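Everything below belongs to target-v2.cif, which stores mmCIF, C-alpha atoms.
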```cif
data_coords
loop_
_atom_site.label_atom_id
_atom_site.label_comp_id
_atom_site.auth_asym_id
_atom_site.auth_seq_id
_atom_site.Cartn_x
_atom_site.Cartn_y
_atom_site.Cartn_z
CA MET Y 146 -3.58 -17.25 8.56
CA LYS Y 147 -2.93 -15.94 12.07
CA ASN Y 148 -5.74 -13.84 13.59
CA THR Y 149 -3.85 -11.39 15.82
CA PHE Y 150 -6.97 -9.73 17.18
CA LEU Y 151 -8.17 -13.13 18.37
CA GLU Y 152 -4.89 -13.70 20.18
CA TYR Y 153 -5.45 -10.47 22.12
CA GLY Y 154 -8.86 -11.55 23.35
CA TYR Y 155 -11.28 -10.07 20.82
CA SER Y 156 -14.00 -12.53 19.84
CA LYS Y 157 -14.43 -13.95 16.33
CA GLU Y 158 -17.86 -12.36 16.14
CA GLU Y 159 -16.76 -8.86 17.07
CA ILE Y 160 -13.74 -9.08 14.75
CA GLU Y 161 -15.95 -10.14 11.85
CA ILE Y 162 -18.41 -7.34 12.56
CA ARG Y 163 -15.64 -4.76 12.81
CA VAL Y 164 -13.94 -5.76 9.55
CA ASN Y 165 -17.23 -5.83 7.63
CA LYS Y 166 -18.30 -2.50 9.10
CA THR Y 167 -14.99 -0.92 8.10
CA PHE Y 168 -15.32 -2.15 4.52
CA ASP Y 169 -18.97 -1.06 4.31
CA GLU Y 170 -18.18 2.43 5.63
CA ILE Y 171 -15.54 2.94 2.94
CA PHE Y 172 -17.68 1.62 0.09
CA GLU Y 173 -21.23 2.48 1.16
CA GLY Y 174 -21.29 4.59 4.32
CA MET Y 175 -21.76 8.27 5.02
CA ASN Y 176 -17.99 8.80 4.90
CA ARG Y 177 -17.36 6.58 1.88
CA PHE Y 178 -14.92 7.49 -0.86
CA TYR Y 179 -16.01 4.81 -3.32
CA PHE Y 180 -18.31 6.18 -6.01
CA GLU Y 181 -19.89 4.79 -9.15
CA GLY Y 182 -18.50 6.25 -12.37
CA LEU Y 183 -19.41 6.39 -16.04
CA HIS Y 184 -20.13 3.22 -18.01
CA ASP Y 185 -20.75 0.92 -15.04
CA THR Y 186 -17.42 1.71 -13.42
CA GLY Y 187 -16.42 2.60 -9.87
CA TYR Y 188 -13.55 4.51 -8.33
CA PHE Y 189 -11.94 5.64 -5.10
CA MET Y 190 -11.81 9.40 -4.71
CA ASP Y 191 -8.69 10.82 -3.10
CA THR Y 192 -10.75 13.17 -0.95
CA GLY Y 193 -7.80 15.43 -0.23
CA ASN Y 194 -7.01 16.00 -3.91
CA CYS Y 195 -10.33 15.29 -5.67
CA ASP Y 196 -8.97 12.73 -8.11
CA ALA Y 197 -8.79 8.99 -8.67
CA ARG Y 198 -5.31 7.49 -8.41
CA THR Y 199 -3.86 4.15 -9.42
CA GLU Y 200 -2.73 3.81 -5.80
CA GLY Y 201 -6.32 3.95 -4.56
CA MET Y 202 -7.83 2.00 -7.45
CA SER Y 203 -5.46 -0.91 -6.97
CA TYR Y 204 -5.86 -0.70 -3.19
CA GLY Y 205 -9.62 -0.89 -3.61
CA MET Y 206 -9.33 -3.93 -5.86
CA MET Y 207 -7.10 -5.66 -3.31
CA MET Y 208 -9.64 -4.92 -0.56
CA CYS Y 209 -12.43 -6.34 -2.73
CA VAL Y 210 -10.66 -9.58 -3.56
CA MET Y 211 -9.88 -10.12 0.13
CA MET Y 212 -13.52 -9.46 1.05
CA ASP Y 213 -14.96 -11.43 -1.91
CA LYS Y 214 -16.67 -8.38 -3.42
CA LYS Y 215 -16.46 -9.13 -7.14
CA GLU Y 216 -18.90 -6.48 -8.38
CA TYR Y 217 -16.92 -3.64 -6.79
CA PHE Y 218 -13.68 -5.20 -8.03
CA ASP Y 219 -14.88 -5.39 -11.63
CA ARG Y 220 -16.20 -1.84 -11.58
CA MET Y 221 -12.88 -0.48 -10.31
CA TRP Y 222 -10.91 -2.57 -12.79
CA LYS Y 223 -13.13 -1.37 -15.65
CA PHE Y 224 -12.58 2.27 -14.58
CA SER Y 225 -8.83 1.63 -14.52
CA GLN Y 226 -8.93 0.08 -17.99
CA GLU Y 227 -11.25 2.62 -19.58
CA PHE Y 228 -9.83 5.84 -18.15
CA MET Y 229 -6.32 5.15 -16.82
CA TYR Y 230 -4.71 2.58 -19.10
CA MET Y 231 -2.56 4.16 -21.81
CA ASN Y 232 -2.90 2.56 -25.25
CA GLU Y 233 -0.59 5.00 -27.02
CA GLY Y 234 2.32 7.32 -26.45
CA TRP Y 235 5.75 6.90 -24.92
CA LEU Y 236 4.32 5.30 -21.77
CA LYS Y 237 1.97 2.93 -23.61
CA GLY Y 238 1.12 -0.10 -21.49
CA TYR Y 239 1.17 1.74 -18.15
CA PHE Y 240 -1.67 3.37 -16.22
CA ALA Y 241 -1.93 7.16 -15.78
CA TRP Y 242 -1.52 7.70 -12.06
CA SER Y 243 -4.17 10.45 -11.68
CA VAL Y 244 -7.47 11.08 -13.46
CA ALA Y 245 -10.49 13.23 -12.73
CA PRO Y 246 -13.73 11.53 -11.64
CA ASP Y 247 -15.05 11.93 -15.20
CA GLY Y 248 -12.05 9.97 -16.48
CA LYS Y 249 -10.00 12.83 -17.93
CA LYS Y 250 -6.32 12.27 -17.30
CA ASN Y 251 -4.58 14.73 -14.99
CA ALA Y 252 -1.20 13.20 -15.75
CA PHE Y 253 0.27 10.77 -18.25
CA GLY Y 254 2.91 9.20 -16.05
CA PRO Y 255 2.49 6.00 -14.02
CA ALA Y 256 3.19 5.35 -10.33
CA PRO Y 257 4.78 1.92 -9.80
CA ASP Y 258 2.90 1.13 -6.60
CA GLY Y 259 -0.30 1.14 -8.65
CA GLU Y 260 1.04 -1.37 -11.15
CA GLU Y 261 2.31 -3.80 -8.52
CA PHE Y 262 -0.95 -3.70 -6.53
CA TYR Y 263 -2.97 -4.12 -9.74
CA ALA Y 264 -0.93 -7.20 -10.66
CA MET Y 265 -1.26 -8.87 -7.26
CA ALA Y 266 -4.97 -8.10 -6.96
CA LEU Y 267 -5.59 -9.50 -10.46
CA PHE Y 268 -3.64 -12.70 -9.78
CA LEU Y 269 -5.68 -13.26 -6.63
CA ALA Y 270 -8.93 -12.47 -8.43
CA GLY Y 271 -8.13 -15.10 -11.03
CA LYS Y 272 -7.54 -17.66 -8.32
CA LYS Y 273 -10.65 -16.71 -6.33
CA TRP Y 274 -13.19 -16.17 -9.10
CA GLY Y 275 -11.64 -17.70 -12.20
CA ASP Y 276 -10.64 -15.89 -15.37
CA GLY Y 277 -13.14 -14.48 -17.84
CA GLU Y 278 -12.80 -12.86 -21.24
CA GLY Y 279 -11.14 -9.62 -22.29
CA ILE Y 280 -10.23 -7.37 -19.39
CA TYR Y 281 -11.72 -9.95 -17.02
CA ASN Y 282 -9.04 -12.47 -17.89
CA TYR Y 283 -7.42 -11.38 -14.65
CA THR Y 284 -4.36 -13.64 -14.75
CA ALA Y 285 -3.45 -12.68 -18.31
CA TRP Y 286 -3.69 -9.00 -17.42
CA ALA Y 287 -1.59 -9.42 -14.29
CA ARG Y 288 1.15 -11.02 -16.40
CA LYS Y 289 0.83 -8.34 -19.06
CA ILE Y 290 1.26 -5.57 -16.47
CA LEU Y 291 4.37 -7.17 -15.00
CA LYS Y 292 5.85 -7.79 -18.44
CA THR Y 293 5.43 -4.11 -19.25
CA CYS Y 294 6.99 -3.09 -15.93
CA LEU Y 295 10.17 -5.04 -16.66
CA HIS Y 296 10.53 -4.76 -20.43
CA HIS Y 297 9.23 -1.28 -21.26
CA PRO Y 298 11.96 1.06 -22.61
CA SER Y 299 11.29 3.15 -19.49
CA ASN Y 300 11.16 0.33 -16.96
CA MET Y 301 9.85 0.36 -13.40
CA TRP Y 302 12.55 -1.87 -11.88
CA GLU Y 303 16.26 -1.18 -12.16
CA PRO Y 304 17.53 -4.33 -13.93
CA GLU Y 305 20.91 -4.73 -12.22
CA SER Y 306 19.83 -4.18 -8.61
CA ALA Y 307 16.26 -5.49 -9.09
CA LEU Y 308 15.00 -2.51 -7.05
CA ILE Y 309 11.77 -0.68 -7.84
CA ARG Y 310 12.05 2.91 -9.08
CA PHE Y 311 10.03 5.86 -7.79
CA VAL Y 312 8.82 6.44 -11.36
CA PRO Y 313 9.83 4.65 -14.56
CA GLY Y 314 13.37 5.37 -15.66
CA CYS Y 315 14.40 7.44 -12.63
CA GLY Y 316 17.52 6.84 -10.54
CA PHE Y 317 16.03 6.43 -7.07
CA SER Y 318 13.36 4.49 -5.20
CA ASP Y 319 10.55 4.79 -2.67
CA PRO Y 320 10.96 2.43 0.30
CA SER Y 321 7.20 2.06 0.69
CA TYR Y 322 6.98 0.63 -2.85
CA HIS Y 323 9.05 -2.44 -1.89
CA LEU Y 324 6.48 -5.26 -1.72
CA MET Y 325 8.74 -8.30 -1.32
CA HIS Y 326 5.74 -10.32 -0.14
CA PHE Y 327 4.10 -9.73 -3.55
CA TYR Y 328 7.29 -10.48 -5.51
CA HIS Y 329 7.41 -13.89 -3.85
CA TYR Y 330 4.21 -14.75 -5.72
CA PHE Y 331 5.17 -12.91 -8.90
CA ALA Y 332 8.11 -15.35 -8.97
CA LYS Y 333 5.53 -18.16 -9.15
CA TRP Y 334 2.81 -16.64 -11.32
CA ALA Y 335 4.40 -14.14 -13.74
CA ASP Y 336 5.64 -15.08 -17.22
CA GLU Y 337 8.06 -17.95 -16.72
CA CYS Y 338 10.98 -16.10 -18.28
CA ASP Y 339 10.65 -13.30 -15.68
CA ARG Y 340 10.28 -15.47 -12.58
CA PRO Y 341 14.03 -15.49 -11.72
CA PHE Y 342 13.98 -11.67 -11.77
CA TRP Y 343 11.08 -11.53 -9.32
CA LYS Y 344 12.89 -13.88 -6.98
CA ARG Y 345 15.88 -11.52 -7.11
CA ALA Y 346 13.57 -8.56 -6.49
CA GLU Y 347 12.07 -10.27 -3.44
CA GLU Y 348 15.48 -10.77 -1.87
CA ALA Y 349 16.80 -7.37 -2.97
CA SER Y 350 13.88 -5.48 -1.47
CA ARG Y 351 14.24 -7.16 1.91
CA ALA Y 352 17.92 -6.22 1.95
CA TYR Y 353 17.15 -2.68 0.76
CA LEU Y 354 14.68 -1.97 3.56
CA VAL Y 355 17.22 -2.97 6.19
CA LYS Y 356 19.46 -0.23 4.78
CA ALA Y 357 16.68 2.33 4.27
CA CYS Y 358 15.26 2.13 7.81
CA HIS Y 359 17.09 4.06 10.52
CA PRO Y 360 18.99 1.72 12.90
CA LYS Y 361 17.55 3.34 16.05
CA THR Y 362 14.06 4.62 15.12
CA GLY Y 363 13.07 2.20 12.33
CA MET Y 364 11.86 5.18 10.27
CA ASN Y 365 12.47 5.41 6.54
CA PRO Y 366 12.38 8.33 4.11
CA GLU Y 367 9.60 8.87 1.59
CA TYR Y 368 12.15 8.66 -1.23
CA GLY Y 369 15.42 6.77 -1.03
CA ASN Y 370 18.51 6.33 -3.18
CA PHE Y 371 19.32 2.82 -4.32
CA ASP Y 372 21.90 2.59 -1.55
CA GLY Y 373 19.16 3.21 1.03
CA THR Y 374 20.10 6.79 1.91
CA PRO Y 375 17.34 9.45 1.93
CA ASN Y 376 16.66 11.34 -1.27
CA PRO Y 377 15.04 14.71 -0.40
CA TYR Y 378 13.96 15.46 -4.01
CA GLY Y 379 12.92 19.00 -3.15
CA PRO Y 380 12.16 21.80 -2.47
CA PRO Y 381 9.46 22.71 -1.55
CA GLU Y 382 8.93 19.41 0.29
CA ASN Y 383 11.70 17.30 1.74
CA HIS Y 384 10.97 13.73 0.73
CA GLY Y 385 13.88 12.44 2.75
CA ASP Y 386 11.75 12.61 5.91
CA PHE Y 387 9.41 10.12 7.59
CA TYR Y 388 6.06 11.40 6.40
CA SER Y 389 2.81 10.16 4.85
CA ASP Y 390 3.88 7.73 2.08
CA ALA Y 391 6.73 6.46 4.26
CA TYR Y 392 4.33 5.00 6.82
CA ARG Y 393 3.48 2.11 4.50
CA THR Y 394 6.94 0.56 4.80
CA GLY Y 395 6.38 -0.73 8.34
CA ALA Y 396 3.01 -2.16 7.29
CA ASN Y 397 4.68 -3.94 4.36
CA ILE Y 398 7.30 -5.40 6.68
CA GLY Y 399 4.53 -6.66 8.97
CA LEU Y 400 2.66 -8.26 6.08
CA ASP Y 401 5.83 -9.90 4.76
CA VAL Y 402 6.39 -11.52 8.16
CA LEU Y 403 2.73 -12.58 8.35
CA TRP Y 404 2.97 -14.28 4.96
CA HIS Y 405 6.53 -15.60 5.00
CA GLY Y 406 7.66 -15.94 8.60
CA ALA Y 407 9.81 -14.17 11.17
CA ASN Y 408 12.77 -12.09 10.03
CA PRO Y 409 15.22 -10.93 12.73
CA GLU Y 410 16.24 -7.81 10.81
CA PHE Y 411 12.62 -6.85 10.23
CA ALA Y 412 11.86 -7.54 13.89
CA LYS Y 413 14.47 -4.96 14.87
CA ILE Y 414 12.95 -2.37 12.52
CA ALA Y 415 9.45 -3.09 13.82
CA ASP Y 416 10.51 -3.00 17.48
CA ASN Y 417 12.26 0.33 16.95
CA LEU Y 418 9.20 1.86 15.29
CA ILE Y 419 6.77 0.61 17.88
CA ASN Y 420 8.97 1.63 20.80
CA PHE Y 421 9.38 5.13 19.38
CA PHE Y 422 5.65 5.76 18.98
CA VAL Y 423 4.03 3.67 21.71
CA ASP Y 424 3.78 6.46 24.28
CA ILE Y 425 3.04 9.32 21.85
CA PRO Y 426 -0.70 10.10 21.61
CA THR Y 427 -2.03 9.75 18.08
CA GLU Y 428 -3.06 13.40 18.00
CA ASP Y 429 0.55 14.34 18.77
CA PHE Y 430 2.13 12.46 15.88
CA MET Y 431 4.48 14.79 13.99
CA LYS Y 432 6.54 14.89 10.83
CA TYR Y 433 10.00 13.48 11.62
CA LYS Y 434 13.50 13.25 10.30
CA ILE Y 435 14.33 9.57 10.08
CA ASP Y 436 16.45 9.91 13.23
CA GLY Y 437 13.31 10.92 15.14
CA THR Y 438 13.91 14.66 15.21
CA VAL Y 439 10.66 16.61 14.81
CA CYS Y 440 10.54 18.61 11.57
CA VAL Y 441 9.77 22.32 11.68
CA ASP Y 442 8.28 24.60 9.05
CA GLU Y 443 9.87 27.73 7.60
CA LYS Y 444 8.72 29.69 10.65
CA GLY Y 445 10.26 27.21 13.05
CA ASN Y 446 6.96 25.63 14.14
CA PRO Y 447 6.77 21.85 14.65
CA GLU Y 448 4.98 20.13 11.75
CA LYS Y 449 2.06 17.87 12.62
CA ALA Y 450 1.50 14.60 10.81
CA LEU Y 451 -0.96 15.05 7.94
CA HIS Y 452 -2.27 11.50 8.31
CA PRO Y 453 -2.11 10.46 11.98
CA ILE Y 454 -4.70 7.68 11.66
CA ALA Y 455 -2.73 6.25 8.74
CA LEU Y 456 0.38 6.22 10.89
CA LEU Y 457 -1.43 4.47 13.73
CA ALA Y 458 -2.90 1.90 11.34
CA THR Y 459 0.46 1.10 9.79
CA LEU Y 460 2.04 0.83 13.23
CA ALA Y 461 -0.63 -1.70 14.17
CA GLN Y 462 0.22 -3.72 11.05
CA THR Y 463 3.93 -3.31 11.77
CA THR Y 464 3.47 -5.16 15.07
CA LEU Y 465 3.13 -8.37 13.05
CA ALA Y 466 6.91 -8.24 12.62
CA CYS Y 467 7.78 -7.41 16.25
CA SER Y 468 9.90 -9.76 18.35
CA PRO Y 469 8.11 -11.79 21.05
CA SER Y 470 9.96 -9.80 23.71
CA ASN Y 471 8.17 -6.63 22.55
CA ARG Y 472 4.66 -8.05 22.94
CA SER Y 473 3.66 -5.54 25.62
CA ASN Y 474 4.27 -2.49 23.44
CA ALA Y 475 2.81 -4.23 20.41
CA GLU Y 476 -0.35 -4.91 22.39
CA LYS Y 477 -0.65 -1.24 23.38
CA ILE Y 478 -0.54 -0.19 19.72
CA ILE Y 479 -3.01 -2.87 18.62
CA ARG Y 480 -5.52 -1.97 21.33
CA ARG Y 481 -5.19 1.75 20.58
CA PHE Y 482 -5.83 1.00 16.91
CA TRP Y 483 -8.90 -1.11 17.76
CA GLU Y 484 -10.30 1.72 19.88
CA THR Y 485 -9.70 4.37 17.18
CA PRO Y 486 -12.48 4.98 14.65
CA LEU Y 487 -12.08 5.62 10.95
CA ARG Y 488 -11.05 9.13 10.02
CA THR Y 489 -13.68 11.59 8.82
CA GLY Y 490 -13.28 14.76 6.77
CA GLU Y 491 -11.46 15.63 3.59
CA ARG Y 492 -8.28 13.67 4.38
CA ARG Y 493 -10.06 10.39 5.11
CA TYR Y 494 -9.10 8.55 1.89
CA TYR Y 495 -5.44 7.74 2.60
CA ASP Y 496 -5.85 7.12 6.32
CA ASN Y 497 -8.82 4.83 5.89
CA CYS Y 498 -7.27 2.79 3.08
CA LEU Y 499 -4.38 1.93 5.38
CA TYR Y 500 -6.84 1.44 8.25
CA LEU Y 501 -8.74 -1.26 6.36
CA PHE Y 502 -5.53 -2.98 5.28
CA ALA Y 503 -4.45 -3.13 8.93
CA MET Y 504 -7.86 -4.52 9.91
CA LEU Y 505 -7.53 -7.21 7.24
CA ALA Y 506 -3.97 -8.11 8.23
CA LEU Y 507 -4.62 -8.26 11.97
CA SER Y 508 -7.79 -10.33 11.50
CA GLY Y 509 -6.05 -12.89 9.28
CA LYS Y 510 -8.06 -11.89 6.21
CA TYR Y 511 -5.19 -10.33 4.22
CA LYS Y 512 -3.83 -13.53 2.72
CA PRO Y 513 -2.20 -14.52 -0.55
CA GLU Y 514 -3.87 -17.85 -1.28
#
```

Go through the file and emit its structure as structure tokens.
Amino acid sequence: MKNTFLEYGYSKEEIEIRVNKTFDEIFEGMNRFYFEGLHDTGYFMDTGNCDARTEGMSYGMMMCVMMDKKEYFDRMWKFSQEFMYMNEGWLKGYFAWSVAPDGKKNAFGPAPDGEEFYAMALFLAGKKWGDGEGIYNYTAWARKILKTCLHHPSNMWEPESALIRFVPGCGFSDPSYHLMHFYHYFAKWADECDRPFWKRAEEASRAYLVKACHPKTGMNPEYGNFDGTPNPYGPPENHGDFYSDAYRTGANIGLDVLWHGANPEFAKIADNLINFFVDIPTEDFMKYKIDGTVCVDEKGNPEKALHPIALLATLAQTTLACSPSNRSNAEKIIRRFWETPLRTGERRYYDNCLYLFAMLALSGKYKPE
């Protein structure tokens, strides 16, 4: 797998040290947000909201399998099974998207990005460490999760279009949920009867993101209709803007290109994003309409980005999809990311999750096999 940092002149030794230090800070350092839970479990705390989320739990498991940290992985998976998995009720078979640190559920609905990251992390765990018994039969559980996603009465993917929903049963999507690079492997490893669907989903998501990303800025909305147009789903917030969750889309495009090769349409999206942000200082990142217009609050004041380090990290990962002709701007973003430390303070969870993923991708350690 390509080591982009190495291509830009960083040494193997300093790259290895930096990636390990980033992981250790998240899981063990003074600014960590991994904590041990009840019954030999572990969880990521969303430090801005004081809960554990399937987003973060599945992210943490993916980080652990990439870094060969089985003990952390198993603790987080056990927490997910013991406190988040729903064994009864209308949404039986899914994971509750938010629970308190003591395991009490804050909500009984699932978030599809959690399920898809769980499935991919479990498949990779089975390949790296082998399958055990019960919940540690990773491959069986990955297949079970995906079967539920497709065949539950309230499904997570719209059957006709093969596009992922924002939440089960709803009539719109979230562009940052489209993980075509994962679906490529679901089409190989899921239950055989569902593999043709995952191949359709892979192709459909690539086509969807071309429609969802603005043709001049490369930005996408947080929520999008199935035709790619923004879905504001508000008030009070306007989820049709480029904000927070939306940042992940560029990173996903970069990872898809890293895993599956250059894509001219994705290169255009990546170039547009990088060229828009390359000369804006990280501290001056704002909330934007997808056409690049700065959003203002009810008093007319420009709205700052809530997660500027997350945006920088995802831009760095987005550069993996840039065209060769845009190498100069891509390099500026990558070097700025390298020189930027992890975020501290109460909002560090989301930013630093995306920071570590970018570190893994740019060092060649975020790989599917």

Shortest interatomic distance to Thr438 in chain Y - which of Y:Ala475, Y:Pro377, Y:Val312, Y:Thr362, counting all atoms listed in the file: Y:Thr362

Residues returned when the PyMOL selection byres ((chain Y and resi 389-402) around 7) runs on this file, as a ChimeraX atom specification: /Y:320-321,324-326,365-367,387-388,403-408,411,415,451-452,456,459-460,462-466,506

Contacts of range 192-206 of chain Y within 6 Å, only C-alpha atoms, excl. fewer than 2 positions in-chain, as an NGL selection string: :Y and (189-190 or 208-209 or 218 or 242-245 or 259 or 262-263 or 491-492 or 494)

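Distances here use all atoms listed in the file; by that measure, the residue among Y:Met211, Y:Asn376, Y:Arg493, Y:Cys294 closest to Phe317 in chain Y is Y:Asn376.
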
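Coordinates place CA of Tyr188 in chain Y at a distance of 19.7 Å from CA of Ile290 in chain Y.
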
Output check: residues returned by the PyMOL selection byres ((chain Y and resi 182) around 12), as a list in words: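 Listing what the PyMOL selection byres ((chain Y and resi 182) around 12) selects in the shown file: Tyr179, Phe180, Glu181, Leu183, His184, Asp185, Thr186, Gly187, Tyr188, Phe189, Met190, Ala197, Tyr217, Arg220, Met221, Trp222, Lys223, Phe224, Ser225, Glu227, Phe228, Ala245, Pro246, Asp247 and Gly248 of chain Y.
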
Resolved residues for the PyMOL selection byres ((chain Y and resi 298-303) around 12) as a ChimeraX atom specification: /Y:235-239,254-261,290-297,304-319,322-323,328,342-343,345-347,349-350,370-371

Residues within 7 Å of range 479-483 of chain Y, all atoms listed in the file, excluding chain neighbours under 4 positions, as a PDB file with C-alpha atoms, keeping the file's coordinate frame:
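Output saved as out-v2.pdb:
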```pdb
ATOM      1  CA  LEU Y 457      -1.430   4.470  13.730  1.00  0.00           C
ATOM      2  CA  ALA Y 458      -2.900   1.900  11.340  1.00  0.00           C
ATOM      3  CA  ALA Y 461      -0.630  -1.700  14.170  1.00  0.00           C
ATOM      4  CA  ALA Y 475       2.810  -4.230  20.410  1.00  0.00           C
TER       5      ALA Y 475
END
```

Coordinates-based distance that separates CA of Arg340 in chain Y from CA of Gly271 in chain Y (Å, one decimal):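 Straight-line distance from CA of Gly271 in chain Y to CA of Arg340 in chain Y works out to 18.5 Å.
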
Can you rebuild range 231-249 of chain Y with N, CA, C and O atoms and give it as a short mmCIF file (atom, residue, chain, number, x, y, z; two decimals), in the frame of the given file?
```cif
data_model
loop_
_atom_site.label_atom_id
_atom_site.label_comp_id
_atom_site.auth_asym_id
_atom_site.auth_seq_id
_atom_site.Cartn_x
_atom_site.Cartn_y
_atom_site.Cartn_z
N MET Y 231 -3.05 3.38 -20.68
CA MET Y 231 -2.56 4.16 -21.81
C MET Y 231 -2.26 3.24 -22.99
O MET Y 231 -1.35 2.41 -22.93
N ASN Y 232 -3.03 3.39 -24.05
CA ASN Y 232 -2.90 2.56 -25.25
C ASN Y 232 -1.96 3.16 -26.29
O ASN Y 232 -1.71 2.52 -27.33
N GLU Y 233 -1.47 4.34 -26.04
CA GLU Y 233 -0.59 5.00 -27.02
C GLU Y 233 0.38 5.92 -26.29
O GLU Y 233 0.24 6.17 -25.08
N GLY Y 234 1.35 6.40 -27.03
CA GLY Y 234 2.32 7.32 -26.45
C GLY Y 234 3.55 6.62 -25.90
O GLY Y 234 3.65 5.39 -25.90
N TRP Y 235 4.49 7.43 -25.42
CA TRP Y 235 5.75 6.90 -24.92
C TRP Y 235 5.55 5.91 -23.77
O TRP Y 235 6.29 4.94 -23.63
N LEU Y 236 4.54 6.14 -22.95
CA LEU Y 236 4.32 5.30 -21.77
C LEU Y 236 3.19 4.28 -21.99
O LEU Y 236 2.55 3.83 -21.05
N LYS Y 237 2.98 3.93 -23.25
CA LYS Y 237 1.97 2.93 -23.61
C LYS Y 237 2.17 1.65 -22.79
O LYS Y 237 3.28 1.17 -22.60
N GLY Y 238 1.06 1.13 -22.27
CA GLY Y 238 1.12 -0.10 -21.49
C GLY Y 238 1.08 0.13 -20.00
O GLY Y 238 0.87 -0.82 -19.23
N TYR Y 239 1.28 1.37 -19.56
CA TYR Y 239 1.17 1.74 -18.15
C TYR Y 239 -0.18 2.40 -17.90
O TYR Y 239 -0.95 2.68 -18.83
N PHE Y 240 -0.44 2.70 -16.63
CA PHE Y 240 -1.67 3.37 -16.22
C PHE Y 240 -1.34 4.79 -15.76
O PHE Y 240 -0.38 5.01 -15.00
N ALA Y 241 -2.10 5.77 -16.23
CA ALA Y 241 -1.93 7.16 -15.78
C ALA Y 241 -2.27 7.24 -14.30
O ALA Y 241 -3.34 6.82 -13.88
N TRP Y 242 -1.37 7.82 -13.52
CA TRP Y 242 -1.52 7.70 -12.06
C TRP Y 242 -2.66 8.54 -11.49
O TRP Y 242 -3.17 8.23 -10.41
N SER Y 243 -3.11 9.59 -12.20
CA SER Y 243 -4.17 10.45 -11.68
C SER Y 243 -5.13 10.83 -12.80
O SER Y 243 -4.71 11.30 -13.87
N VAL Y 244 -6.44 10.63 -12.53
CA VAL Y 244 -7.47 11.08 -13.46
C VAL Y 244 -8.58 11.76 -12.67
O VAL Y 244 -8.75 11.53 -11.47
N ALA Y 245 -9.33 12.60 -13.34
CA ALA Y 245 -10.49 13.23 -12.73
C ALA Y 245 -11.62 12.21 -12.62
O ALA Y 245 -11.62 11.18 -13.31
N PRO Y 246 -12.61 12.47 -11.77
CA PRO Y 246 -13.73 11.53 -11.64
C PRO Y 246 -14.47 11.24 -12.95
O PRO Y 246 -15.07 10.17 -13.09
N ASP Y 247 -14.41 12.18 -13.90
CA ASP Y 247 -15.05 11.93 -15.20
C ASP Y 247 -14.14 11.17 -16.15
O ASP Y 247 -14.49 10.94 -17.32
N GLY Y 248 -12.95 10.78 -15.68
CA GLY Y 248 -12.05 9.97 -16.48
C GLY Y 248 -10.99 10.73 -17.24
O GLY Y 248 -10.11 10.12 -17.84
N LYS Y 249 -11.02 12.06 -17.22
CA LYS Y 249 -10.00 12.83 -17.93
C LYS Y 249 -8.67 12.74 -17.18
O LYS Y 249 -8.61 12.92 -15.97
#
```
